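Reproduced below: final34.csv, with CSV, C-alpha atoms.
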```
chain,number,residue,atom,x,y,z
W,1,ALA,CA,-13.0,59.6,-25.0
W,2,GLN,CA,-10.5,61.1,-22.6
W,3,THR,CA,-10.8,64.4,-20.8
W,4,VAL,CA,-8.2,66.4,-18.9
W,5,THR,CA,-9.1,69.0,-16.4
W,6,GLN,CA,-6.9,71.7,-14.9
W,7,SER,CA,-9.0,73.5,-12.3
W,8,GLN,CA,-6.5,76.4,-11.7
W,9,PRO,CA,-6.5,78.9,-14.5
W,10,GLU,CA,-3.9,81.0,-12.8
W,11,MET,CA,-1.4,80.7,-10.0
W,12,SER,CA,1.5,82.7,-8.6
W,13,VAL,CA,4.4,81.8,-6.4
W,14,GLN,CA,7.3,83.6,-4.9
W,15,GLU,CA,10.8,82.9,-6.2
W,16,ALA,CA,12.4,80.0,-4.4
W,17,GLU,CA,9.1,78.7,-3.0
W,18,THR,CA,7.2,75.5,-4.0
W,19,VAL,CA,4.1,75.4,-6.0
W,20,THR,CA,1.7,72.5,-7.0
W,21,LEU,CA,-0.4,72.5,-10.1
W,22,SER,CA,-3.4,70.2,-10.3
W,23,CYS,CA,-4.6,67.9,-13.0
W,24,THR,CA,-7.4,65.3,-13.1
W,25,TYR,CA,-8.3,63.1,-16.0
W,26,ASP,CA,-11.0,60.7,-17.1
W,27,THR,CA,-10.3,57.5,-19.1
W,28,SER,CA,-11.3,53.9,-19.3
W,29,GLU,CA,-7.8,53.0,-20.5
W,30,ASN,CA,-5.4,51.1,-18.3
W,31,ASN,CA,-2.2,51.8,-20.2
W,32,TYR,CA,-1.4,55.4,-20.9
W,33,TYR,CA,1.1,58.2,-20.4
W,34,LEU,CA,0.6,61.5,-18.7
W,35,PHE,CA,2.7,64.5,-19.4
W,36,TRP,CA,3.3,68.0,-18.2
W,37,TYR,CA,4.3,70.6,-20.9
W,38,LYS,CA,5.5,74.1,-20.4
W,39,GLN,CA,4.7,76.9,-22.8
W,40,PRO,CA,6.6,80.1,-22.0
W,41,PRO,CA,5.1,83.4,-23.4
W,42,SER,CA,5.5,83.5,-27.2
W,43,ARG,CA,7.7,80.4,-27.1
W,44,GLN,CA,7.2,76.8,-28.1
W,45,MET,CA,5.9,74.0,-25.9
W,46,ILE,CA,8.5,71.8,-24.2
W,47,LEU,CA,8.1,68.6,-22.3
W,48,VAL,CA,8.7,69.0,-18.5
W,49,ILE,CA,8.0,65.5,-17.2
W,50,ARG,CA,6.3,62.2,-18.2
W,51,GLN,CA,4.7,59.4,-16.3
W,52,GLU,CA,3.8,55.9,-17.4
W,53,ALA,CA,0.6,54.7,-15.8
W,54,TYR,CA,1.9,51.2,-15.0
W,55,LYS,CA,4.7,52.7,-12.9
W,56,GLN,CA,3.9,53.2,-9.3
W,57,GLN,CA,6.9,55.4,-8.6
W,58,ASN,CA,6.3,59.1,-9.2
W,59,ALA,CA,8.5,60.7,-11.9
W,60,THR,CA,11.0,63.4,-11.0
W,61,GLU,CA,13.1,65.7,-13.1
W,62,ASN,CA,15.4,67.9,-11.1
W,63,ARG,CA,13.1,70.5,-9.5
W,64,PHE,CA,10.0,69.0,-11.0
W,65,SER,CA,8.1,66.1,-9.6
W,66,VAL,CA,4.6,64.6,-9.9
W,67,ASN,CA,2.1,63.0,-7.6
W,68,PHE,CA,0.4,60.4,-9.6
W,69,GLN,CA,-2.7,58.8,-8.1
W,70,LYS,CA,-4.0,56.3,-10.6
W,71,ALA,CA,-7.2,55.3,-8.7
W,72,ALA,CA,-8.1,58.9,-8.2
W,73,LYS,CA,-7.1,59.8,-11.8
W,74,SER,CA,-5.0,62.7,-10.4
W,75,PHE,CA,-1.7,63.9,-11.7
W,76,SER,CA,-0.3,67.0,-10.0
W,77,LEU,CA,3.0,68.8,-10.8
W,78,LYS,CA,5.2,70.1,-8.0
W,79,ILE,CA,7.8,72.7,-8.8
W,80,SER,CA,10.4,73.2,-6.0
W,81,ASP,CA,12.7,76.2,-5.7
W,82,SER,CA,10.7,78.2,-8.2
W,83,GLN,CA,12.7,80.3,-10.6
W,84,LEU,CA,11.7,83.4,-12.7
W,85,GLY,CA,12.2,81.2,-15.8
W,86,ASP,CA,9.4,78.9,-14.7
W,87,THR,CA,6.9,81.6,-15.5
W,88,ALA,CA,4.8,80.0,-18.3
W,89,MET,CA,1.6,78.3,-19.1
W,90,TYR,CA,1.6,74.6,-18.0
W,91,PHE,CA,-0.4,72.0,-19.7
W,92,CYS,CA,-1.3,68.5,-18.5
W,93,ALA,CA,-1.8,65.9,-21.3
W,94,PHE,CA,-2.9,62.3,-21.6
W,95,MET,CA,-1.9,59.8,-24.3
W,96,LYS,CA,-2.9,56.2,-24.7
W,97,GLN,CA,-0.1,53.7,-24.8
W,98,GLY,CA,0.4,51.0,-27.4
W,99,THR,CA,0.3,50.5,-31.1
W,100,ASN,CA,-2.9,52.6,-31.5
W,101,ALA,CA,-1.6,55.4,-29.4
W,102,GLY,CA,-1.5,58.7,-31.1
W,103,LYS,CA,-3.0,62.0,-30.2
W,104,SER,CA,-2.6,63.7,-26.9
W,105,THR,CA,-5.5,65.2,-25.1
W,106,PHE,CA,-4.6,68.4,-23.3
W,107,GLY,CA,-6.1,70.4,-20.4
W,108,ASP,CA,-6.8,74.1,-20.8
W,109,GLY,CA,-3.6,75.0,-18.9
W,110,THR,CA,-2.5,76.8,-15.8
W,111,THR,CA,-0.7,80.2,-16.1
W,112,LEU,CA,2.0,80.3,-13.5
W,113,THR,CA,3.7,83.5,-12.6
W,114,VAL,CA,6.9,83.4,-10.5
W,115,LYS,CA,7.3,86.7,-8.6
W,116,PRO,CA,10.7,88.0,-7.5
D,117,ASP,CA,19.1,67.8,-34.5
D,118,THR,CA,17.4,71.1,-35.0
D,119,GLY,CA,14.0,70.2,-33.6
D,120,VAL,CA,10.6,70.6,-35.2
D,121,SER,CA,10.3,73.6,-37.6
D,122,GLN,CA,7.3,75.2,-39.0
D,123,ASP,CA,6.8,77.7,-41.8
D,124,PRO,CA,5.6,80.4,-41.9
D,125,ARG,CA,5.6,81.6,-38.3
D,126,HIS,CA,2.9,84.1,-39.0
D,127,LYS,CA,0.2,84.3,-41.7
D,128,ILE,CA,-2.4,87.0,-42.2
D,129,THR,CA,-5.0,86.2,-44.8
D,130,LYS,CA,-8.3,87.5,-46.0
D,131,ARG,CA,-11.4,85.5,-45.4
D,132,GLY,CA,-12.0,83.1,-48.4
D,133,GLN,CA,-8.4,82.7,-49.3
D,134,ASN,CA,-6.5,79.4,-49.1
D,135,VAL,CA,-3.4,79.0,-46.9
D,136,THR,CA,-0.8,76.2,-46.6
D,137,PHE,CA,1.5,75.6,-43.7
D,138,ARG,CA,4.6,73.4,-43.6
D,139,CYS,CA,6.1,71.3,-40.8
D,140,ASP,CA,9.5,69.6,-40.8
D,141,PRO,CA,9.7,67.0,-38.0
D,142,ILE,CA,12.8,65.8,-36.2
D,143,SER,CA,14.5,63.7,-38.8
D,144,GLU,CA,14.2,60.2,-37.4
D,145,HIS,CA,10.7,60.6,-36.0
D,146,ASN,CA,8.0,58.4,-37.7
D,147,ARG,CA,4.9,60.2,-36.3
D,148,LEU,CA,3.8,63.7,-37.1
D,149,TYR,CA,0.8,65.5,-35.5
D,150,TRP,CA,-1.1,68.7,-36.1
D,151,TYR,CA,-2.9,70.6,-33.4
D,152,ARG,CA,-4.8,73.8,-33.2
D,153,GLN,CA,-4.5,76.1,-30.2
D,154,THR,CA,-6.7,79.2,-29.5
D,155,LEU,CA,-5.9,81.8,-26.9
D,156,GLY,CA,-6.1,80.6,-23.4
D,157,GLN,CA,-6.8,77.0,-24.3
D,158,GLY,CA,-4.9,73.8,-24.7
D,159,PRO,CA,-4.0,72.3,-28.1
D,160,GLU,CA,-6.8,70.5,-29.8
D,161,PHE,CA,-5.9,67.4,-31.9
D,162,LEU,CA,-6.5,67.7,-35.7
D,163,THR,CA,-4.7,64.8,-37.3
D,164,TYR,CA,-1.6,62.6,-37.3
D,165,PHE,CA,0.5,60.5,-39.6
D,166,GLN,CA,2.7,57.5,-39.1
D,167,ASN,CA,5.2,57.7,-41.9
D,168,GLU,CA,3.1,58.8,-44.9
D,169,ALA,CA,-0.2,57.2,-43.7
D,170,GLN,CA,-2.8,59.5,-42.1
D,171,LEU,CA,-4.0,57.4,-39.2
D,172,GLU,CA,-6.6,59.6,-37.5
D,173,LYS,CA,-8.5,62.8,-38.2
D,174,SER,CA,-10.5,64.8,-35.7
D,175,ARG,CA,-14.1,65.6,-36.2
D,176,LEU,CA,-12.9,69.2,-35.9
D,177,LEU,CA,-11.2,68.8,-39.2
D,178,SER,CA,-13.8,70.0,-41.7
D,179,ASP,CA,-13.7,69.3,-45.4
D,180,ARG,CA,-11.9,72.6,-45.8
D,181,PHE,CA,-8.8,71.2,-44.1
D,182,SER,CA,-6.5,68.7,-45.7
D,183,ALA,CA,-3.1,67.4,-44.6
D,184,GLU,CA,-0.4,65.4,-46.4
D,185,ARG,CA,2.9,63.8,-45.6
D,186,PRO,CA,3.8,62.6,-49.0
D,187,LYS,CA,7.2,61.0,-48.4
D,188,GLY,CA,6.9,60.4,-44.7
D,189,SER,CA,9.1,63.4,-43.9
D,190,PHE,CA,7.7,66.9,-44.0
D,191,SER,CA,3.9,67.6,-43.8
D,192,THR,CA,1.6,70.3,-45.1
D,193,LEU,CA,-1.7,71.5,-43.7
D,194,GLU,CA,-4.0,73.4,-46.1
D,195,ILE,CA,-7.0,75.3,-45.2
D,196,GLN,CA,-9.3,76.3,-48.1
D,197,ARG,CA,-11.8,79.2,-48.1
D,198,THR,CA,-10.6,80.4,-44.7
D,199,GLU,CA,-13.0,81.7,-42.1
D,200,GLN,CA,-12.5,84.1,-39.2
D,201,GLY,CA,-13.0,81.1,-36.9
D,202,ASP,CA,-9.9,79.5,-38.3
D,203,SER,CA,-7.7,82.1,-36.6
D,204,ALA,CA,-5.5,80.2,-34.2
D,205,MET,CA,-2.0,78.9,-33.6
D,206,TYR,CA,-1.4,75.7,-35.6
D,207,LEU,CA,1.1,73.5,-33.9
D,208,CYS,CA,3.0,70.6,-35.3
D,209,ALA,CA,4.7,67.9,-33.2
D,210,SER,CA,6.6,64.7,-34.0
D,211,SER,CA,7.5,61.6,-32.1
D,212,LEU,CA,9.4,58.3,-32.4
D,213,THR,CA,7.0,55.5,-31.7
D,214,GLY,CA,8.1,52.1,-30.6
D,215,GLN,CA,11.1,53.1,-28.5
D,216,GLY,CA,9.1,53.1,-25.3
D,217,ARG,CA,8.9,56.8,-25.0
D,218,ASP,CA,6.4,58.3,-27.4
D,219,GLU,CA,6.5,61.9,-26.1
D,220,GLN,CA,5.8,64.6,-28.7
D,221,TYR,CA,8.2,67.4,-29.5
D,222,PHE,CA,6.5,70.5,-30.6
D,223,GLY,CA,7.4,73.1,-33.2
D,224,PRO,CA,7.1,76.9,-32.6
D,225,GLY,CA,3.7,77.0,-34.4
D,226,THR,CA,2.2,79.0,-37.2
D,227,ARG,CA,-0.1,81.8,-36.1
D,228,LEU,CA,-3.0,82.3,-38.5
D,229,THR,CA,-5.0,85.5,-38.5
D,230,VAL,CA,-8.0,85.6,-40.9
D,231,THR,CA,-9.3,89.2,-41.5
```
Can I see the file as structure tokens?
Amino acid sequence: AQTVTQSQPEMSVQEAETVTLSCTYDTSENNYYLFWYKQPPSRQMILVIRQEAYKQQNATENRFSVNFQKAAKSFSLKISDSQLGDTAMYFCAFMKQGTNAGKSTFGDGTTLTVKP
Amino acid sequence: DTGVSQDPRHKITKRGQNVTFRCDPISEHNRLYWYRQTLGQGPEFLTYFQNEAQLEKSRLLSDRFSAERPKGSFSTLEIQRTEQGDSAMYLCASSLTGQGRDEQYFGPGTRLTVT
């Protein structure tokens, strides 16, 4: 079974600054995806960024980038130039890859507050 | 494409009553997932379908829970004889498998309160 751990329940950052959210996971699988999802207050969850485990290059999406360390089973999210709209709960998630892939396993989230 | 929709958005019921939730996935998506989320925690997997076939059920899903996706499109999740511990947000997600992406798109959720 897979587990995902987010060790920072809450974080805050000043607007325009950079913040890094941590995520570690445990799996015996070799082929998998990792995701970061954002859940704003009272709004639905949206995908921020995805990483395929076979890719060595870290994924980037505009102000969002990841630091994927497969051997260490670490998958952190860096948000650059933080904006007030980034205030949300952020979830790290794991999903097996392949024909039997299905469910995602989520961490318990990190609540990020961007301060003006 | 209007995204994943769920109905109702909120449901308040008395303990012992039955409730049913509906999820409409993104139209071309072949997989549909149900998760449960309690306050301050991440979503927990309940079950998922590929087309109309239910491929996996979590051990969290007691006999009081049943899900269907009869025509491979929308899905329903029924909870019989609700208990206070069933109070949670029920999330539906869908994905298109086999295109090399597989990420799940979530609906707004149905918040269930059992009194």
Selection near region 148-163 of chain D, 7 Å with all atoms listed in the file, sequence-local residues under 2 positions removed, as number ranges by chain: W: 91, 103, 106-109; D: 141, 146, 165-166, 172-174, 176-177, 204-211
Which residue, W:Gln14, W:Gln51, W:Ser28, W:Ser74, has the smallest gap to chain D when you use only C-alpha atoms?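 Looking at the shortest contact to chain D, the residue is W:Gln51.
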Determine, for each residue of chain W having at least one atom at most 9 Å from an atom of chain D, the closest pair of atoms and their separation in Å to one decimal, counting all atoms listed in the file; order by chain and ascending number, as a Markdown table.
```
| residue | atom | partner | partner_atom | distance |
| --- | --- | --- | --- | --- |
| W:Tyr33 | CA | D:Glu219 | CA | 8.7 |
| W:Phe35 | CA | D:Glu219 | CA | 8.1 |
| W:Ser42 | CA | D:Pro224 | CA | 8.7 |
| W:Arg43 | CA | D:Pro224 | CA | 6.5 |
| W:Gln44 | CA | D:Pro224 | CA | 4.5 |
| W:Met45 | CA | D:Phe222 | CA | 5.9 |
| W:Ile46 | CA | D:Phe222 | CA | 6.8 |
| W:Leu47 | CA | D:Tyr221 | CA | 7.3 |
| W:Arg50 | CA | D:Glu219 | CA | 7.9 |
| W:Phe91 | CA | D:Gly158 | CA | 7.0 |
| W:Cys92 | CA | D:Gly158 | CA | 8.9 |
| W:Met95 | CA | D:Glu219 | CA | 8.8 |
| W:Gln97 | CA | D:Asp218 | CA | 8.4 |
| W:Gly98 | CA | D:Gly214 | CA | 8.4 |
| W:Thr99 | CA | D:Gly214 | CA | 8.0 |
| W:Ala101 | CA | D:Asp218 | CA | 8.7 |
| W:Gly102 | CA | D:Tyr164 | CA | 7.3 |
| W:Lys103 | CA | D:Phe161 | CA | 6.4 |
| W:Ser104 | CA | D:Phe161 | CA | 7.0 |
| W:Thr105 | CA | D:Phe161 | CA | 7.2 |
| W:Phe106 | CA | D:Gly158 | CA | 5.6 |
| W:Gly107 | CA | D:Gly158 | CA | 5.6 |
| W:Asp108 | CA | D:Gly158 | CA | 4.3 |
| W:Gly109 | CA | D:Gly158 | CA | 6.1 |
```
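CA of Gln2 (chain W) is positioned 12.0 Å from CA of Asn30 (chain W).
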Calculate how many Å separate CA of Gln83 (chain W) from CA of Ser65 (chain W), rounding to one decimal. 15.0 Å
Name the residues within 8 Å of (-7.7, 87.3, -41.6), counting all atoms listed in the file in the file's coordinates, and put them as a PyMOL selection string. chain D and resi 128-131+199-200+203+228-231
Write a file of the selected residues as a PDB file, keeping the file's coordinate frame, keeping C-alpha atoms.
```pdb
ATOM      1  CA  ILE D 128      -2.400  87.000 -42.200  1.00  0.00           C
ATOM      2  CA  THR D 129      -5.000  86.200 -44.800  1.00  0.00           C
ATOM      3  CA  LYS D 130      -8.300  87.500 -46.000  1.00  0.00           C
ATOM      4  CA  ARG D 131     -11.400  85.500 -45.400  1.00  0.00           C
ATOM      5  CA  GLU D 199     -13.000  81.700 -42.100  1.00  0.00           C
ATOM      6  CA  GLN D 200     -12.500  84.100 -39.200  1.00  0.00           C
ATOM      7  CA  SER D 203      -7.700  82.100 -36.600  1.00  0.00           C
ATOM      8  CA  LEU D 228      -3.000  82.300 -38.500  1.00  0.00           C
ATOM      9  CA  THR D 229      -5.000  85.500 -38.500  1.00  0.00           C
ATOM     10  CA  VAL D 230      -8.000  85.600 -40.900  1.00  0.00           C
ATOM     11  CA  THR D 231      -9.300  89.200 -41.500  1.00  0.00           C
TER      12      THR D 231
END
```
Can you measure CA of Tyr90 (chain W) to CA of Val48 (chain W) for me? One decimal in Å is fine. 9.1 Å
For Glu61 (chain W), the nearest of the candidates W:Thr87, W:Gln39, W:Ser80, W:Thr3, counting all atoms listed in the file: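 Looking at the shortest contact to Glu61 (chain W), the residue is W:Ser80.
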Would you kindly return, as number ranges by chain, each protein, DNA or RNA residue with an atom no farther than 7 Å from any atom of Leu193 (chain D), considering only C-alpha atoms and excluding same-chain residues fewer than 3 positions away? D: 136-138, 182-184
Contacts of Asn167 (chain D) within 9 Å, all atoms listed in the file, excl. fewer than 3 positions in-chain, as a ChimeraX atom specification: /D:145-148,170,185-189
